[in-house]
$ cat coords-v4.cif   # mmCIF, C-alpha atoms
data_data
#
loop_
_atom_site.label_atom_id
_atom_site.label_comp_id
_atom_site.auth_asym_id
_atom_site.auth_seq_id
_atom_site.Cartn_x
_atom_site.Cartn_y
_atom_site.Cartn_z
CA MET U 81 0.00 0.00 0.00
CA LEU U 82 2.83 2.35 0.93
CA GLY U 83 4.57 1.48 -2.35
CA GLY U 84 1.42 2.35 -4.26
CA MET U 85 1.13 5.70 -2.51
CA LEU U 86 4.77 6.51 -3.27
CA ALA U 87 4.32 5.52 -6.91
CA GLY U 88 1.22 7.68 -7.12
CA ALA U 89 3.03 10.65 -5.56
CA MET U 90 5.95 10.24 -7.96
CA THR U 91 3.61 10.03 -10.93
CA LYS U 92 1.81 13.19 -9.80
CA THR U 93 5.14 15.00 -9.29
CA LEU U 94 6.36 13.94 -12.73
CA ARG U 95 3.09 15.07 -14.30
CA THR U 96 3.38 18.45 -12.56
CA LEU U 97 7.00 18.79 -13.68
CA LEU U 98 6.13 18.03 -17.29
CA THR U 99 3.18 20.43 -17.18
CA SER U 100 5.27 23.28 -15.78
CA TYR U 101 8.57 22.68 -17.56
CA GLY U 102 7.71 20.37 -20.46
CA PHE U 103 8.26 22.98 -23.17
CA THR U 104 11.47 24.21 -21.54
CA LEU U 105 12.80 20.65 -21.33
CA LEU U 106 11.90 20.18 -25.00
CA LEU U 107 13.81 23.35 -25.94
CA LEU U 108 16.84 22.23 -23.91
CA ALA U 109 16.77 18.82 -25.54
CA SER U 110 16.52 20.33 -29.02
CA ILE U 111 19.41 22.74 -28.38
CA ALA U 112 21.54 19.93 -26.93
CA ALA U 113 20.76 17.80 -29.98
CA GLY U 114 21.61 20.75 -32.24
CA ALA U 115 24.93 21.31 -30.46
CA GLY U 116 25.75 17.62 -30.84
CA LEU U 117 24.95 17.76 -34.55
CA GLY U 118 27.09 20.87 -34.90
CA LEU U 119 30.07 19.16 -33.28
CA ALA U 120 29.59 16.04 -35.38
CA LEU U 121 29.02 17.74 -38.73
CA GLY U 122 31.36 20.70 -38.34
CA GLU U 123 30.96 23.23 -41.12
CA ARG U 124 28.51 20.90 -42.88
CA ALA U 125 26.01 21.89 -40.17
CA ALA U 126 25.50 25.09 -42.17
CA ALA U 127 23.03 23.04 -44.22
CA LEU U 128 20.65 23.22 -41.22
CA LYS U 129 20.82 27.01 -41.07
CA PRO U 130 17.71 27.58 -43.25
CA LEU U 131 15.55 25.80 -40.66
CA GLY U 132 16.88 28.15 -37.99
CA ASP U 133 16.55 31.17 -40.27
CA LEU U 134 12.88 30.34 -40.80
CA PHE U 135 12.23 30.55 -37.05
CA LEU U 136 14.27 33.74 -36.76
CA ASN U 137 12.47 35.35 -39.70
CA LEU U 138 9.07 34.53 -38.21
CA LEU U 139 10.07 36.21 -34.96
CA PHE U 140 11.54 39.24 -36.72
CA THR U 141 8.40 39.77 -38.81
CA LEU U 142 6.38 39.85 -35.59
CA ILE U 143 8.57 42.45 -33.90
CA VAL U 144 7.24 45.62 -35.57
CA PRO U 145 3.50 44.95 -35.04
CA LEU U 146 4.10 43.45 -31.59
CA ILE U 147 6.08 46.45 -30.37
CA PHE U 148 3.60 48.93 -31.85
CA PHE U 149 0.46 47.30 -30.51
CA SER U 150 1.92 46.34 -27.12
CA ILE U 151 3.17 49.86 -26.32
CA SER U 152 0.31 51.83 -27.90
CA SER U 153 -2.37 49.65 -26.28
CA ALA U 154 -0.60 49.80 -22.90
CA VAL U 155 -0.41 53.61 -23.04
CA ALA U 156 -3.95 53.99 -24.39
CA GLY U 157 -5.32 51.69 -21.69
CA MET U 158 -3.85 53.65 -18.81
CA SER U 159 -6.39 55.52 -16.76
CA SER U 160 -3.67 57.81 -15.49
CA LEU U 161 -0.79 59.30 -17.48
CA ARG U 162 0.85 59.81 -14.11
CA ARG U 163 1.32 56.03 -13.93
CA LEU U 164 2.95 56.05 -17.37
CA GLY U 165 5.38 58.69 -16.16
CA ARG U 166 6.15 56.63 -13.07
CA ILE U 167 6.74 53.51 -15.19
CA VAL U 168 9.18 55.33 -17.47
CA THR U 169 10.97 56.99 -14.56
CA ALA U 170 11.30 53.74 -12.60
CA MET U 171 12.37 51.91 -15.77
CA LEU U 172 15.19 54.35 -16.51
CA GLY U 173 16.35 54.23 -12.90
CA VAL U 174 16.44 50.42 -12.94
CA PHE U 175 18.25 50.38 -16.30
CA VAL U 176 21.00 52.71 -15.10
CA ALA U 177 21.35 50.95 -11.73
CA THR U 178 21.70 47.47 -13.25
CA GLY U 179 24.09 48.80 -15.90
CA LEU U 180 26.21 50.30 -13.13
CA VAL U 181 26.31 46.99 -11.24
CA ALA U 182 27.35 45.08 -14.37
CA SER U 183 30.06 47.62 -15.26
CA VAL U 184 31.61 47.70 -11.78
CA LEU U 185 31.53 43.90 -11.56
CA MET U 186 33.44 43.52 -14.83
CA LEU U 187 35.89 46.25 -13.79
CA VAL U 188 36.73 44.27 -10.67
CA ALA U 189 37.05 41.09 -12.74
CA VAL U 190 39.49 42.57 -15.28
CA LYS U 191 41.64 43.91 -12.44
CA LEU U 192 41.85 40.45 -10.89
CA TYR U 193 42.26 38.64 -14.22
CA PRO U 194 43.71 40.94 -16.92
CA PRO U 195 42.27 39.73 -20.25
CA ALA U 196 45.26 40.82 -22.38
CA ALA U 197 47.92 38.81 -20.55
CA GLY U 198 49.73 36.68 -23.14
CA LEU U 199 47.54 37.95 -25.95
CA GLU U 200 49.24 38.41 -29.30
CA VAL U 201 47.21 40.15 -31.96
CA ALA U 202 48.60 41.48 -35.22
CA LEU U 203 47.28 44.99 -35.72
CA PRO U 204 45.39 45.13 -39.01
CA GLY U 205 45.66 47.94 -41.48
CA ARG U 206 43.77 51.15 -40.97
CA PRO U 207 40.07 50.48 -41.64
CA GLU U 208 37.83 52.85 -43.48
CA VAL U 209 35.84 54.77 -40.88
CA ALA U 210 33.05 57.04 -42.07
CA PRO U 211 32.71 60.39 -40.28
CA VAL U 212 30.17 60.16 -37.47
CA SER U 213 27.93 63.09 -36.61
CA LEU U 214 26.47 62.55 -33.15
CA GLY U 215 23.64 65.00 -33.83
CA ASP U 216 22.58 63.13 -36.98
CA GLN U 217 22.83 59.83 -35.12
CA LEU U 218 20.60 61.06 -32.31
CA VAL U 219 18.00 62.42 -34.74
CA GLY U 220 18.08 59.14 -36.65
CA ALA U 221 17.69 57.24 -33.39
CA VAL U 222 14.24 58.67 -32.59
CA SER U 223 12.80 59.58 -35.99
CA VAL U 224 12.64 58.57 -39.65
CA ALA U 225 11.91 60.61 -42.75
CA ASP U 226 9.13 58.39 -44.08
CA PHE U 227 6.37 56.30 -42.49
CA GLY U 228 7.38 53.24 -44.50
CA GLU U 229 10.75 53.19 -42.77
CA LEU U 230 8.98 52.44 -39.49
CA LEU U 231 8.06 49.01 -40.86
CA SER U 232 11.58 47.74 -40.21
CA ARG U 233 13.19 46.41 -37.05
CA LYS U 234 16.20 48.60 -37.91
CA ASN U 235 14.20 51.62 -36.74
CA VAL U 236 12.82 50.38 -33.44
CA LEU U 237 13.24 53.56 -31.40
CA PRO U 238 11.27 55.70 -33.90
CA LEU U 239 8.59 52.99 -33.84
CA ILE U 240 8.48 53.14 -30.03
CA VAL U 241 8.16 56.94 -30.15
CA LEU U 242 5.25 56.68 -32.59
CA ALA U 243 3.58 53.97 -30.49
CA PHE U 244 3.80 56.23 -27.43
CA LEU U 245 2.31 59.15 -29.39
CA VAL U 246 -0.53 56.99 -30.75
CA GLY U 247 -1.30 55.75 -27.24
CA LEU U 248 -1.25 59.28 -25.85
CA GLY U 249 -3.41 60.52 -28.72
CA THR U 250 -5.93 57.77 -28.09
CA THR U 251 -6.12 58.72 -24.41
CA ALA U 252 -6.42 62.43 -25.26
CA ALA U 253 -9.35 61.68 -27.60
CA GLY U 254 -11.37 60.58 -24.57
CA GLU U 255 -14.63 58.79 -25.30
CA ARG U 256 -14.19 59.10 -29.05
CA GLY U 257 -10.87 57.30 -28.81
CA GLN U 258 -12.25 54.30 -26.93
CA PRO U 259 -13.17 52.24 -30.04
CA PHE U 260 -9.61 52.69 -31.29
CA ALA U 261 -8.26 51.80 -27.83
CA ARG U 262 -10.25 48.56 -27.95
CA LEU U 263 -8.87 47.90 -31.45
CA LEU U 264 -5.31 48.34 -30.19
CA ALA U 265 -5.95 46.04 -27.23
CA SER U 266 -7.54 43.42 -29.47
CA ALA U 267 -4.68 43.60 -31.98
CA ASN U 268 -2.17 43.23 -29.17
CA GLU U 269 -3.93 40.11 -27.89
CA VAL U 270 -3.97 38.65 -31.40
CA MET U 271 -0.24 39.28 -31.81
CA LEU U 272 0.48 37.50 -28.52
CA ARG U 273 -1.49 34.49 -29.74
CA VAL U 274 0.49 34.51 -32.99
CA VAL U 275 3.66 34.42 -30.91
CA ASP U 276 2.35 31.30 -29.18
CA LEU U 277 1.82 29.67 -32.58
CA VAL U 278 5.32 30.54 -33.79
CA MET U 279 6.85 29.15 -30.60
CA TYR U 280 5.53 25.69 -31.50
CA TYR U 281 8.27 25.68 -34.15
CA ALA U 282 10.92 26.80 -31.64
CA PRO U 283 12.37 23.34 -30.84
CA ILE U 284 13.18 22.71 -34.51
CA GLY U 285 14.26 26.26 -35.27
CA LEU U 286 16.49 26.71 -32.23
CA GLY U 287 18.01 23.25 -32.57
CA ALA U 288 18.92 23.85 -36.21
CA TYR U 289 20.29 27.32 -35.55
CA PHE U 290 22.39 26.10 -32.64
CA ALA U 291 23.80 23.31 -34.80
CA HIS U 292 24.85 25.94 -37.35
CA LEU U 293 26.45 28.16 -34.68
CA VAL U 294 28.44 25.35 -33.07
CA GLY U 295 29.47 23.80 -36.38
CA THR U 296 30.51 27.06 -38.03
CA PHE U 297 31.86 29.25 -35.25
CA GLY U 298 33.03 26.73 -32.66
CA PRO U 299 36.67 26.73 -33.83
CA THR U 300 36.76 30.54 -33.75
CA LEU U 301 36.26 30.48 -29.99
CA LEU U 302 39.61 28.72 -29.61
CA SER U 303 41.53 31.59 -31.19
CA SER U 304 44.06 33.89 -29.56
CA TYR U 305 41.21 35.67 -27.75
CA VAL U 306 40.65 32.66 -25.52
CA ARG U 307 41.81 34.44 -22.33
CA ALA U 308 39.35 37.31 -22.81
CA LEU U 309 36.59 34.85 -23.62
CA GLY U 310 37.59 32.72 -20.65
CA LEU U 311 36.87 35.73 -18.45
CA PHE U 312 33.68 36.93 -20.11
CA TYR U 313 31.77 33.68 -20.53
CA PRO U 314 31.97 32.48 -16.89
CA LEU U 315 31.28 35.98 -15.59
CA ALA U 316 28.25 36.38 -17.85
CA VAL U 317 26.92 33.00 -16.71
CA ALA U 318 27.52 33.90 -13.06
CA TYR U 319 25.78 37.24 -13.56
CA PHE U 320 22.87 35.42 -15.20
CA PHE U 321 22.34 33.07 -12.28
CA ILE U 322 23.45 35.14 -9.27
CA ALA U 323 22.65 38.77 -10.13
CA PHE U 324 19.30 38.04 -11.74
CA THR U 325 18.28 35.79 -8.86
CA LEU U 326 19.18 38.62 -6.48
CA TYR U 327 17.19 41.16 -8.53
CA ALA U 328 14.19 38.80 -8.61
CA TRP U 329 14.46 38.33 -4.84
CA LEU U 330 14.57 42.09 -4.28
CA ALA U 331 11.52 42.46 -6.50
CA GLY U 332 9.41 39.69 -4.99
CA ARG U 333 11.38 37.75 -2.39
CA GLY U 334 11.04 33.96 -2.71
CA ARG U 335 7.86 34.22 -4.77
CA GLY U 336 9.62 36.52 -7.23
CA VAL U 337 12.57 34.15 -7.59
CA ARG U 338 10.29 31.18 -8.25
CA ALA U 339 8.21 33.12 -10.78
CA PHE U 340 11.34 34.34 -12.55
CA TRP U 341 13.03 30.97 -12.95
CA ARG U 342 9.79 29.20 -13.80
CA ASN U 343 9.17 31.46 -16.79
CA ILE U 344 12.58 32.69 -17.99
CA PRO U 345 14.03 29.54 -19.71
CA ALA U 346 12.22 30.05 -23.05
CA PRO U 347 13.33 33.70 -23.51
CA ALA U 348 16.83 32.86 -22.27
CA LEU U 349 17.27 29.98 -24.70
CA THR U 350 15.88 32.09 -27.55
CA ALA U 351 18.35 34.90 -26.77
CA LEU U 352 21.29 32.50 -26.48
CA ALA U 353 20.55 30.72 -29.74
CA THR U 354 19.64 33.75 -31.85
CA SER U 355 21.97 36.39 -30.32
CA SER U 356 19.15 38.89 -30.76
CA SER U 357 17.36 40.82 -28.03
CA MET U 358 14.73 41.79 -30.61
CA ALA U 359 13.94 38.16 -31.40
CA THR U 360 13.41 37.57 -27.68
CA ILE U 361 10.78 40.31 -27.22
CA PRO U 362 7.72 38.08 -27.90
CA SER U 363 8.64 35.29 -25.50
CA ASN U 364 10.00 37.81 -22.99
CA ILE U 365 6.66 39.64 -22.78
CA GLU U 366 4.81 36.36 -22.40
CA ALA U 367 7.19 35.22 -19.64
CA ALA U 368 6.74 38.50 -17.75
CA ARG U 369 2.95 38.21 -17.97
CA ARG U 370 3.08 34.64 -16.65
CA ALA U 371 5.25 35.81 -13.75
CA GLY U 372 2.50 38.24 -12.76
CA VAL U 373 4.04 41.48 -14.05
CA PRO U 374 1.22 43.91 -14.97
CA ASP U 375 0.65 44.20 -18.70
CA ASP U 376 1.20 47.95 -18.80
CA ILE U 377 4.67 47.50 -17.29
CA ALA U 378 5.72 44.46 -19.33
CA GLU U 379 4.53 45.93 -22.62
CA VAL U 380 6.40 49.19 -22.05
CA VAL U 381 9.61 48.05 -20.35
CA ILE U 382 10.52 45.00 -22.46
CA PRO U 383 10.31 46.55 -25.97
CA ILE U 384 12.17 49.66 -24.81
CA GLY U 385 14.63 47.58 -22.82
CA ALA U 386 15.47 45.50 -25.90
CA THR U 387 16.64 48.74 -27.48
CA ILE U 388 18.31 50.77 -24.71
CA HIS U 389 19.02 48.36 -21.83
CA MET U 390 22.07 46.19 -22.38
CA GLU U 391 23.76 44.87 -19.23
CA GLY U 392 25.70 42.41 -21.38
CA SER U 393 26.96 45.34 -23.46
CA CYS U 394 28.12 47.05 -20.26
CA LEU U 395 30.09 43.92 -19.38
CA SER U 396 31.66 43.69 -22.84
CA ALA U 397 32.49 47.42 -22.99
CA VAL U 398 34.62 47.18 -19.84
CA LEU U 399 36.28 44.03 -21.21
CA LYS U 400 37.14 45.85 -24.46
CA VAL U 401 38.68 48.78 -22.61
CA ALA U 402 40.75 46.48 -20.37
CA LEU U 403 41.87 44.46 -23.39
CA LEU U 404 43.17 47.55 -25.17
CA PHE U 405 44.87 48.88 -22.04
CA GLY U 406 46.76 45.60 -21.66
CA LEU U 407 47.48 45.22 -25.36
CA PHE U 408 49.04 48.68 -25.60
CA GLY U 409 50.95 48.38 -22.32
CA ARG U 410 48.92 50.93 -20.36
CA GLU U 411 47.95 50.53 -16.73
CA LEU U 412 44.26 50.47 -15.95
CA ALA U 413 44.38 52.35 -12.66
CA GLY U 414 43.25 55.54 -10.97
CA ALA U 415 39.86 56.82 -9.86
CA ASP U 416 39.49 59.04 -12.94
CA THR U 417 40.18 56.11 -15.26
CA TYR U 418 37.78 53.84 -13.39
CA LEU U 419 35.02 56.45 -13.56
CA ALA U 420 35.65 56.96 -17.27
CA VAL U 421 35.51 53.22 -17.95
CA VAL U 422 32.26 52.76 -16.03
CA GLY U 423 30.77 55.87 -17.66
CA VAL U 424 31.59 54.64 -21.17
CA ALA U 425 30.18 51.20 -20.33
CA ILE U 426 26.87 52.64 -19.09
CA LEU U 427 26.75 54.96 -22.11
CA SER U 428 27.30 51.97 -24.42
CA GLY U 429 24.72 49.82 -22.67
CA THR U 430 21.89 52.31 -22.10
CA VAL U 431 22.23 55.11 -24.67
CA MET U 432 24.31 54.18 -27.69
CA SER U 433 22.69 50.77 -27.95
CA GLY U 434 19.54 52.52 -29.12
CA ILE U 435 21.28 54.47 -31.89
CA PRO U 436 21.54 52.83 -35.34
CA GLY U 437 25.08 51.46 -35.50
CA GLY U 438 25.42 52.19 -31.80
CA GLY U 439 27.68 49.21 -31.15
CA PHE U 440 30.23 50.54 -33.60
CA ILE U 441 29.88 54.09 -32.24
CA GLY U 442 30.49 52.79 -28.72
CA GLU U 443 33.68 51.07 -29.86
CA LEU U 444 34.76 54.22 -31.65
CA VAL U 445 34.19 56.22 -28.46
CA ILE U 446 36.33 53.74 -26.51
CA VAL U 447 39.19 54.04 -28.99
CA SER U 448 39.06 57.84 -29.23
CA LEU U 449 38.31 58.67 -25.59
CA PHE U 450 41.24 56.67 -24.23
CA GLY U 451 43.61 57.73 -27.01
CA PHE U 452 44.14 54.41 -28.79
CA PRO U 453 45.05 54.30 -32.50
CA ILE U 454 42.21 53.66 -34.90
CA GLU U 455 43.86 50.32 -35.81
CA ALA U 456 42.64 49.04 -32.44
CA LEU U 457 39.02 49.24 -33.59
CA PRO U 458 38.86 45.85 -35.38
CA ILE U 459 40.37 44.15 -32.32
CA ILE U 460 37.53 45.10 -30.00
CA SER U 461 35.01 44.57 -32.81
CA THR U 462 36.18 40.95 -32.99
CA VAL U 463 35.82 40.60 -29.22
CA GLY U 464 32.31 42.02 -29.46
CA ALA U 465 31.35 39.41 -32.05
CA LEU U 466 32.81 36.53 -30.03
CA VAL U 467 31.06 37.45 -26.77
CA ASP U 468 27.75 38.26 -28.47
CA PRO U 469 25.75 35.11 -27.47
CA PRO U 470 26.21 35.37 -23.66
CA ALA U 471 26.03 39.17 -23.83
CA THR U 472 22.67 38.94 -25.59
CA LEU U 473 21.49 36.41 -23.02
CA VAL U 474 22.25 38.90 -20.23
CA ASN U 475 20.74 41.78 -22.22
CA ALA U 476 17.43 40.04 -22.87
CA VAL U 477 16.96 38.42 -19.47
CA GLY U 478 17.88 41.71 -17.82
CA ASP U 479 14.83 43.28 -19.46
CA ASN U 480 12.60 40.63 -17.92
CA VAL U 481 13.87 40.97 -14.37
CA SER U 482 13.79 44.77 -14.77
CA CYS U 483 10.03 44.45 -15.31
CA MET U 484 9.77 42.78 -11.93
CA ALA U 485 11.82 45.53 -10.30
CA VAL U 486 9.64 48.24 -11.86
CA ALA U 487 6.50 46.40 -10.69
CA ARG U 488 7.93 46.26 -7.17
CA LEU U 489 8.71 50.00 -7.17
CA LEU U 490 5.29 51.00 -8.49
CA ASP U 491 2.85 48.43 -7.08
CA GLY U 492 4.50 47.36 -3.86
CA PRO U 493 5.59 43.93 -2.62
CA ARG U 494 2.29 42.23 -3.50
CA TRP U 495 2.51 42.96 -7.25
CA GLY U 496 3.00 39.33 -8.19
CA GLU U 497 -0.11 38.07 -6.40
CA ARG U 498 -2.37 39.23 -9.23
CA LYS U 499 -3.17 36.76 -11.94
CA ALA U 500 -0.95 36.88 -15.00
CA GLY U 501 -2.03 39.68 -17.30
CA GLU U 502 -4.25 41.38 -14.70
CA ALA U 503 -3.72 45.13 -14.52
CA PRO U 504 -3.38 46.95 -11.22
CA ALA U 505 -6.52 48.37 -9.71
CA GLY U 506 -5.55 51.98 -10.45
CA PRO U 507 -3.36 54.88 -9.44
CA GLU U 508 -4.18 54.27 -5.80
CA THR U 509 -2.32 50.95 -5.97
CA ALA U 510 0.82 52.65 -7.17
CA ALA U 511 0.47 55.36 -4.60
CA GLY U 512 0.45 52.80 -1.84
CA ALA U 513 3.69 51.17 -3.01
#

$ encode --input "coords-v4.cif" --output "structure tokens"
Amino acid sequence: MLGGMLAGAMTKTLRTLLTSYGFTLLLLASIAAGAGLGLALGERAAALKPLGDLFLNLLFTLIVPLIFFSISSAVAGMSSLRRLGRIVTAMLGVFVATGLVASVLMLVAVKLYPPAAGLEVALPGRPEVAPVSLGDQLVGAVSVADFGELLSRKNVLPLIVLAFLVGLGTTAAGERGQPFARLLASANEVMLRVVDLVMYYAPIGLGAYFAHLVGTFGPTLLSSYVRALGLFYPLAVAYFFIAFTLYAWLAGRGRGVRAFWRNIPAPALTALATSSSMATIPSNIEAARRAGVPDDIAEVVIPIGATIHMEGSCLSAVLKVALLFGLFGRELAGADTYLAVVGVAILSGTVMSGIPGGGFIGELVIVSLFGFPIEALPIISTVGALVDPPATLVNAVGDNVSCMAVARLLDGPRWGERKAGEAPAGPETAAGA
């Protein structure tokens, strides 16, 4: 009898595990199988790339309508623009704070383990560098010259600006704007359901894409940059598990940690396999909703965060600076230098990341600000490419846990007790946080 009870309990536990984590386990199995295929086939694994590209293309085609409808419907559905202002203010504060933590952590790491020790890199010839006008870049970051240009994921910030304006215009229209507000909300719900449909293909798409990555780029990771990579990869993984668990605990204590880890695997695996924060937006929003983050917070913070919140980029910016300091025989020391390094890292991870070509501009700022020759630019560009997968993982997951932090700041410690997707009761809830 006791044996039967134990067997029944085990069966129930297994059923619960499969119900809660079945899709995540399937994704892990498909990625593991893809990595195995990549190792076995080598460069021949490139033949599987079209299957991965199909999944990636489906996600990318969803990004523009998903961002537009999620942000515009969230803004239009707010009963108080004061709450919108509080969301944006809290979001920016969280973004800067987490970027600061990541930058300081990497600064400590490169002091303890200099990434350029023993590194031998032949300086390439002078690359062609087009003149960069910061004013033109900033204008291009938030606006486009033609409406049709908004229908591209290359112009995400202008799309976000328009979505905000449409949401505000809908609210300003009052009663007459309500039918349009309902249309935006309905379209947003439809897009979320389309995301669910696309994710059914994720095991095949991610497995094939991972096979291509391992088969094609695996040998590159064993190049002369191995010491720098040996620092970045473990630190990024440690930041993923330790820092994000801490942020989730600060946002919701034990309940927040459980909600975070129960829902984050799908976005994390998507980010790791695709190296794209944009491709992770759909599953990231869905994961935040399932964790109990209010829709108006998730649908504002995650799309914007995918554009201007890059903790992984902060980590890599400090690594690039330390690499150049060691390579050119300069000592990375002094309060002024430390402040400059952290400042450039935060600038790269929270401002320049939203500018078209911002990654390149950030590298150019590093080279020029610290007085390195322009020939150093391809060196740190190569490092940026090699650390891109774990950096993107940190970038994307950081947006998700930032949602939880914003919810905690605005709605108090009980924010996660609402059902997934349920909006807060009103401004009074935020006021009582």

$ resolve_selection --input "coords-v4.cif" --expression "the PyMOL selection byres ((chain U and resi 353) around 7)" --output "PyMOL selection string"
chain U and resi 286+289-290+349-352+354-355

$ atom_distance --input "coords-v4.cif" --atom1 "atom CA of Glu229 of chain U" --atom2 "atom CA of Asn480 of chain U"
27.9 Å

$ axis_aligned_box --input "coords-v4.cif" --around "segment 377-396 of chain U" --padding-each-side "3 Å" --output "AutoDock Vina command-line options"
--center_x 18.1 --center_y 46.6 --center_z -22.4 --size_x 33.1 --size_y 14.4 --size_z 16.2

$ closest_residue --input "coords-v4.cif" --among "U:Ala339, U:Val294, U:Ala456, U:Ala177" --to "Ala120 of chain U" --atoms "all atoms listed in the file"
U:Val294

$ closest_residue --input "coords-v4.cif" --among "U:Ala253, U:Met279, U:Val176, U:Leu117" --to "Phe103 of chain U" --atoms "all atoms listed in the file"
U:Met279

$ residues_near_point --input "coords-v4.cif" --point "(15.6, 22.2, -30.1)" --cutoff "7 Å" --atoms "only C-alpha atoms" --output "compact mmCIF listing (two decimals) with C-alpha atoms, in the coordinates of the input"
# COMPACT_ATOMS: atom_id res chain seq x y z
CA LEU U 106 11.90 20.18 -25.00
CA LEU U 107 13.81 23.35 -25.94
CA LEU U 108 16.84 22.23 -23.91
CA ALA U 109 16.77 18.82 -25.54
CA SER U 110 16.52 20.33 -29.02
CA ILE U 111 19.41 22.74 -28.38
CA ALA U 113 20.76 17.80 -29.98
CA GLY U 114 21.61 20.75 -32.24
CA ALA U 282 10.92 26.80 -31.64
CA PRO U 283 12.37 23.34 -30.84
CA ILE U 284 13.18 22.71 -34.51
CA GLY U 285 14.26 26.26 -35.27
CA LEU U 286 16.49 26.71 -32.23
CA GLY U 287 18.01 23.25 -32.57

$ closest_residue --input "coords-v4.cif" --among "U:Val184, U:Leu139, U:Ala487, U:Val373" --to "Leu395 of chain U" --atoms "only C-alpha atoms"
U:Val184

$ resolve_selection --input "coords-v4.cif" --expression "the PyMOL selection byres ((chain U and resi 479) around 8)" --output "PyMOL selection string"
chain U and resi 381-382+385-386+389+475-478+480-483

$ atom_distance --input "coords-v4.cif" --atom1 "atom CA of Val144 of chain U" --atom2 "atom CA of Ala371 of chain U"
24.0 Å

$ closest_residue --input "coords-v4.cif" --among "U:Pro470, U:Pro145, U:Gly372, U:Gly409" --to "Met484 of chain U" --atoms "all atoms listed in the file"
U:Gly372

$ closest_residue --input "coords-v4.cif" --among "U:Leu136, U:Val241, U:Ala196, U:Val188" --to "Ser152 of chain U" --atoms "all atoms listed in the file"
U:Val241

$ residues_near_point --input "coords-v4.cif" --point "(0.4, 47.7, -23.8)" --cutoff "9 Å" --atoms "only C-alpha atoms" --output "PyMOL selection string"
chain U and resi 147-158+247+264-265+268+375-380

$ resolve_selection --input "coords-v4.cif" --expression "the PyMOL selection byres ((chain U and resi 430) around 12)" --output "mmCIF file with C-alpha atoms, in the coordinates of the input"
data_model
loop_
_atom_site.group_PDB
_atom_site.id
_atom_site.type_symbol
_atom_site.label_atom_id
_atom_site.label_comp_id
_atom_site.auth_asym_id
_atom_site.auth_seq_id
_atom_site.Cartn_x
_atom_site.Cartn_y
_atom_site.Cartn_z
ATOM 1 C CA MET U 171 12.370 51.910 -15.770
ATOM 2 C CA LEU U 172 15.190 54.350 -16.510
ATOM 3 C CA GLY U 173 16.350 54.230 -12.900
ATOM 4 C CA VAL U 174 16.440 50.420 -12.940
ATOM 5 C CA PHE U 175 18.250 50.380 -16.300
ATOM 6 C CA VAL U 176 21.000 52.710 -15.100
ATOM 7 C CA ALA U 177 21.350 50.950 -11.730
ATOM 8 C CA THR U 178 21.700 47.470 -13.250
ATOM 9 C CA GLY U 179 24.090 48.800 -15.900
ATOM 10 C CA LEU U 180 26.210 50.300 -13.130
ATOM 11 C CA ALA U 182 27.350 45.080 -14.370
ATOM 12 C CA SER U 183 30.060 47.620 -15.260
ATOM 13 C CA ILE U 384 12.170 49.660 -24.810
ATOM 14 C CA GLY U 385 14.630 47.580 -22.820
ATOM 15 C CA ALA U 386 15.470 45.500 -25.900
ATOM 16 C CA THR U 387 16.640 48.740 -27.480
ATOM 17 C CA ILE U 388 18.310 50.770 -24.710
ATOM 18 C CA HIS U 389 19.020 48.360 -21.830
ATOM 19 C CA MET U 390 22.070 46.190 -22.380
ATOM 20 C CA GLU U 391 23.760 44.870 -19.230
ATOM 21 C CA GLY U 392 25.700 42.410 -21.380
ATOM 22 C CA SER U 393 26.960 45.340 -23.460
ATOM 23 C CA CYS U 394 28.120 47.050 -20.260
ATOM 24 C CA ALA U 397 32.490 47.420 -22.990
ATOM 25 C CA GLY U 423 30.770 55.870 -17.660
ATOM 26 C CA VAL U 424 31.590 54.640 -21.170
ATOM 27 C CA ALA U 425 30.180 51.200 -20.330
ATOM 28 C CA ILE U 426 26.870 52.640 -19.090
ATOM 29 C CA LEU U 427 26.750 54.960 -22.110
ATOM 30 C CA SER U 428 27.300 51.970 -24.420
ATOM 31 C CA GLY U 429 24.720 49.820 -22.670
ATOM 32 C CA VAL U 431 22.230 55.110 -24.670
ATOM 33 C CA MET U 432 24.310 54.180 -27.690
ATOM 34 C CA SER U 433 22.690 50.770 -27.950
ATOM 35 C CA GLY U 434 19.540 52.520 -29.120
ATOM 36 C CA ILE U 435 21.280 54.470 -31.890
ATOM 37 C CA GLY U 438 25.420 52.190 -31.800
ATOM 38 C CA GLY U 439 27.680 49.210 -31.150
ATOM 39 C CA GLY U 442 30.490 52.790 -28.720
ATOM 40 C CA ASN U 475 20.740 41.780 -22.220
ATOM 41 C CA ASP U 479 14.830 43.280 -19.460
#

$ closest_residue --input "coords-v4.cif" --among "U:Val317, U:Tyr327, U:Ala367, U:Gly451" --to "Thr472 of chain U" --atoms "all atoms listed in the file"
U:Val317

$ residues_around --input "coords-v4.cif" --residues "Glu123 of chain U" --least-positions-apart "3" --cutoff "6 Å" --atoms "only C-alpha atoms" --output "list in words"
Ala126, Gly295 and Thr296 of chain U

$ atom_distance --input "coords-v4.cif" --atom1 "atom CA of Leu164 of chain U" --atom2 "atom CA of Asp226 of chain U"
27.5 Å

$ residues_around --input "coords-v4.cif" --residues "Pro194 of chain U" --least-positions-apart "4" --cutoff "10 Å" --atoms "all atoms listed in the file" --output "list in words"
Leu187, Val188, Ala189, Val190, Gly198, Arg307, Ala308, Leu311, Leu399, Ala402, Leu403, Phe405, Gly406 and Leu412 of chain U

$ residues_around --input "coords-v4.cif" --residues "Thr325 of chain U" --least-positions-apart "5" --cutoff "9 Å" --atoms "all atoms listed in the file" --output "VMD selection string"
chain U and resid 319 to 320 330 336 to 337 340 to 341 481
